[in-house]
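Contents: one structure, followed by commentary.
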Amino acid sequence: MQAISKLIKKFPFEAILANPDRVWGKVLKTDAGCWNWQGRIQADGYGQMSAGNAEILAHRAAYFLANRILPSGLCIMHKCDNPRCCNPDHLIAGTHAQNMADMRLKGRRKGICLGNKNGRAKLNPDTVKKIRDERAAGLRLIDLSKKFSVGVSTVSRVCRMENWK
């Protein structure tokens, strides 16, 4: 337990284990299977609670109670895409990159303007088509970069369909 005590500043394991009803007592089970957090909700929709001397996300506390582990350096992701959900069956551990990929795949990338909706975009769908057509015709990346006033890496990503899909 001493090893856990040293980590309490980062994540209050002891405080959560000592009183699991502070987590489970604030969830409302729904017919859809989600266990929605009924306590404080952050502006982004995630449940939040105090434990020990720390503020933590409710779904992280729920994951810890159910699994007795919180993998170091990993996010706790929602399979149900409901930020208030604390159902352990809906929570999985993953890297930040996995979490961001899941967000993009499921269309939850809110507030981020992509493509020509981004005010800083130098390209638009017409120029992207021209870049791809001219690259297919044999023009070099460096020449396309100069012609369209963007970096070589940007042209390369456009041609590989990593940008402007």
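Residue numbering restarts at 1 in every chain; chains get A, B, ... in the order shown in the structure tokens, and ligands count up from 1 in that same order.
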Test item: residues at most 9 Å from segment 92-94 of chain A, only C-alpha atoms, excluding those fewer than 6 positions along its chain, as a PyMOL selection string: chain A and resi 63+70-71+73-79
- prompt: Do you know which residues are at most 12 Å from Arg108 of chain A counting only C-alpha atoms, after dropping those on the same chain fewer than 3 positions away, and could you put them as a list in words?
  reply: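 Using only C-alpha atoms, the neighbours found are Asp44, Asp81, Asn82, Pro83, Asn99, Met100, Ala101, Asp102, Met103, Arg104, Leu105, Gly111 and Ile112 of chain A.
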Expected file contents, prior selection, N, CA and C atoms, as a short mmCIF file (atom, residue, chain, number, x, y, z; two decimals), in the first residue's frame:
data_model
loop_
_atom_site.label_atom_id
_atom_site.label_comp_id
_atom_site.auth_asym_id
_atom_site.auth_seq_id
_atom_site.Cartn_x
_atom_site.Cartn_y
_atom_site.Cartn_z
N ASP A 44 -17.09 19.92 -21.21
CA ASP A 44 -17.00 18.99 -22.34
C ASP A 44 -17.86 17.74 -22.16
N ASP A 81 -19.20 6.21 -26.65
CA ASP A 81 -19.10 7.62 -27.03
C ASP A 81 -19.95 8.54 -26.17
N ASN A 82 -20.25 8.12 -24.96
CA ASN A 82 -21.02 8.92 -24.01
C ASN A 82 -20.07 9.37 -22.90
N PRO A 83 -19.66 10.64 -22.89
CA PRO A 83 -18.66 11.07 -21.90
C PRO A 83 -19.12 10.96 -20.45
N ASN A 99 -7.13 7.01 -28.93
CA ASN A 99 -8.29 7.82 -28.57
C ASN A 99 -8.59 8.85 -29.65
N MET A 100 -7.56 9.51 -30.18
CA MET A 100 -7.76 10.51 -31.23
C MET A 100 -8.23 9.85 -32.53
N ALA A 101 -7.69 8.68 -32.85
CA ALA A 101 -8.12 7.96 -34.05
C ALA A 101 -9.58 7.54 -33.92
N ASP A 102 -9.97 7.08 -32.74
CA ASP A 102 -11.35 6.69 -32.48
C ASP A 102 -12.28 7.90 -32.63
N MET A 103 -11.84 9.04 -32.13
CA MET A 103 -12.62 10.28 -32.23
C MET A 103 -12.84 10.65 -33.69
N ARG A 104 -11.77 10.62 -34.49
CA ARG A 104 -11.89 10.97 -35.91
C ARG A 104 -12.77 9.98 -36.64
N LEU A 105 -12.56 8.69 -36.39
CA LEU A 105 -13.31 7.63 -37.06
C LEU A 105 -14.81 7.75 -36.81
N GLY A 111 -15.47 21.22 -33.26
CA GLY A 111 -14.76 22.49 -33.10
C GLY A 111 -13.50 22.61 -33.91
N ILE A 112 -13.18 21.61 -34.68
CA ILE A 112 -11.97 21.66 -35.50
C ILE A 112 -12.41 21.72 -36.95
#
- request: Determine, counting only C-alpha atoms, which protein, DNA and RNA residues have an atom within 8 Å of an atom of Ser145 of chain A; residues of the same chain fewer than 6 positions away are not included. Present the result as a PyMOL selection string.
  value: chain A and resi 151-152+154-155
task: Write out as a list in words the residues lying within 12 Å of Arg160 of chain A, counting only C-alpha atoms and excluding same-chain residues fewer than 5 positions away.
output: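 The residues that qualify are Val128, Ile131, Arg132, Arg135, Ala136, Leu141, Ser153, Thr154, Val155 and Lys165 of chain A.
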- request: With a distance cut-off of 10 Å and only C-alpha atoms, select the neighbouring residues of Lys129 of chain A, excluding the residue or stretch itself and same-chain residues fewer than 6 positions from it, and output the selection as a list of chain:residue names.
  value: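 Returned residues: A:Leu123, A:Arg135, A:Val158, A:Cys159, A:Trp164.
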Any chance you can output those residues with N, CA and C atoms as an mmCIF file, in the first residue's frame?
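Contents of the output file out-v2.cif:
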data_model
loop_
_atom_site.group_PDB
_atom_site.id
_atom_site.type_symbol
_atom_site.label_atom_id
_atom_site.label_comp_id
_atom_site.auth_asym_id
_atom_site.auth_seq_id
_atom_site.Cartn_x
_atom_site.Cartn_y
_atom_site.Cartn_z
ATOM 1 N N LEU A 123 -5.232 25.423 -49.381
ATOM 2 C CA LEU A 123 -5.756 24.637 -50.485
ATOM 3 C C LEU A 123 -7.276 24.592 -50.427
ATOM 4 N N ARG A 135 0.529 15.443 -60.187
ATOM 5 C CA ARG A 135 1.468 14.462 -59.628
ATOM 6 C C ARG A 135 1.355 13.156 -60.412
ATOM 7 N N VAL A 158 -1.158 15.169 -49.402
ATOM 8 C CA VAL A 158 -2.322 15.297 -50.281
ATOM 9 C C VAL A 158 -2.317 14.161 -51.301
ATOM 10 N N CYS A 159 -1.168 13.903 -51.900
ATOM 11 C CA CYS A 159 -1.064 12.867 -52.934
ATOM 12 C C CYS A 159 -1.265 11.468 -52.362
ATOM 13 N N TRP A 164 -6.946 15.905 -47.071
ATOM 14 C CA TRP A 164 -7.939 16.174 -48.115
ATOM 15 C C TRP A 164 -8.438 14.867 -48.732
#
Pick from A:Arg60, A:Arg84, A:Lys26, A:Arg68 nearest to Ile41 of chain A, counting only C-alpha atoms: A:Arg84
- prompt: Which is closer to Ala61 of chain A than all the others in A:Ile16, A:Ala43, A:Met161, A:Val27, using only C-alpha atoms?
  reply: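 For Ala61 of chain A, the nearest of the given residues is A:Ile16.
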task: Would you mind writing down, as a PyMOL selection string, each residue of chain A that DSSP on the backbone assigns to helix (DSSP H, G or I)?
output: chain A and resi 2-7+13-18+21-24+58-67+88-90+96-105+115-117+125-136+141-148+152-159
I'd like the contact shell of segment 46-51 of chain A - 9 Å cut-off, only C-alpha atoms, skipping same-chain residues fewer than 2 positions apart - returned as an mmCIF file with C-alpha atoms, in the first residue's frame.
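Result file is selection-v2.cif:
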data_model
loop_
_atom_site.group_PDB
_atom_site.id
_atom_site.type_symbol
_atom_site.label_atom_id
_atom_site.label_comp_id
_atom_site.auth_asym_id
_atom_site.auth_seq_id
_atom_site.Cartn_x
_atom_site.Cartn_y
_atom_site.Cartn_z
ATOM 1 C CA PHE A 11 -4.408 9.497 -8.874
ATOM 2 C CA PRO A 12 -6.137 9.027 -5.499
ATOM 3 C CA PHE A 13 -6.302 5.218 -5.450
ATOM 4 C CA GLU A 14 -6.766 4.932 -1.695
ATOM 5 C CA ALA A 15 -9.540 7.513 -1.532
ATOM 6 C CA ILE A 16 -11.503 5.754 -4.260
ATOM 7 C CA ARG A 22 -18.792 7.979 -4.052
ATOM 8 C CA VAL A 23 -18.559 6.660 -7.603
ATOM 9 C CA ASN A 36 -24.585 8.118 -16.575
ATOM 10 C CA TRP A 37 -22.722 10.212 -14.033
ATOM 11 C CA GLN A 38 -25.125 12.343 -11.993
ATOM 12 C CA GLY A 39 -22.524 14.456 -10.198
ATOM 13 C CA ARG A 40 -20.542 17.413 -11.517
ATOM 14 C CA ILE A 41 -20.201 17.588 -15.283
ATOM 15 C CA GLN A 42 -17.375 19.441 -17.029
ATOM 16 C CA ALA A 43 -18.085 21.768 -19.950
ATOM 17 C CA ASP A 44 -17.001 18.992 -22.342
ATOM 18 C CA ASN A 53 -6.823 15.997 -2.707
ATOM 19 C CA ALA A 54 -7.441 15.541 -6.420
ATOM 20 C CA GLU A 55 -10.060 16.240 -9.055
ATOM 21 C CA ILE A 56 -10.536 13.243 -11.319
ATOM 22 C CA LEU A 57 -12.728 12.152 -14.175
ATOM 23 C CA ALA A 58 -15.570 9.911 -13.020
ATOM 24 C CA HIS A 59 -15.096 7.342 -15.775
ATOM 25 C CA ALA A 61 -12.487 6.261 -11.198
ATOM 26 C CA ASN A 82 -21.023 8.920 -24.013
ATOM 27 C CA PRO A 83 -18.658 11.067 -21.904
ATOM 28 C CA ARG A 84 -20.908 10.751 -18.837
ATOM 29 C CA CYS A 85 -20.892 6.931 -18.948
ATOM 30 C CA CYS A 86 -19.175 5.069 -16.103
#
- request: Report as a list in words: the residues of chain A with a DSSP assignment of strand (DSSP E or B), based on the backbone of this structure.
  value: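 Listing strand (DSSP E or B) positions across chain A yields Val27, Leu28, Lys29, Trp35, Asn36, Trp37, Arg40, Ile41, Gly47, Gln48, Met49, Ser50, Ala51, Ala54, Glu55, Ile56, Leu57, Cys75, Ile76, Met77, His78, Cys85, Leu91, Ile92, Ala93 and Gly94 of chain A.
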field: Using only C-alpha atoms: which of A:Pro20, A:Gly52, A:Gly45, A:Pro88 has the shortest distance to Gly33 of chain A
entry: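 Checking each of A:Pro20, A:Gly52, A:Gly45, A:Pro88 against Gly33 of chain A, counting only C-alpha atoms, the winner is A:Pro88.
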query: atom CA of Ala66 of chain A to atom CA of Leu17 of chain A: how many Å, to one decimal?
result: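 For atom CA of Ala66 of chain A relative to atom CA of Leu17 of chain A, the distance reads 10.4 Å.
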task: Calculate how many Å separate atom CA of Thr95 of chain A from atom CA of Asn67 of chain A, rounding to one decimal.
output: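 Atom-to-atom, atom CA of Thr95 of chain A and atom CA of Asn67 of chain A are spaced 17.3 Å apart.
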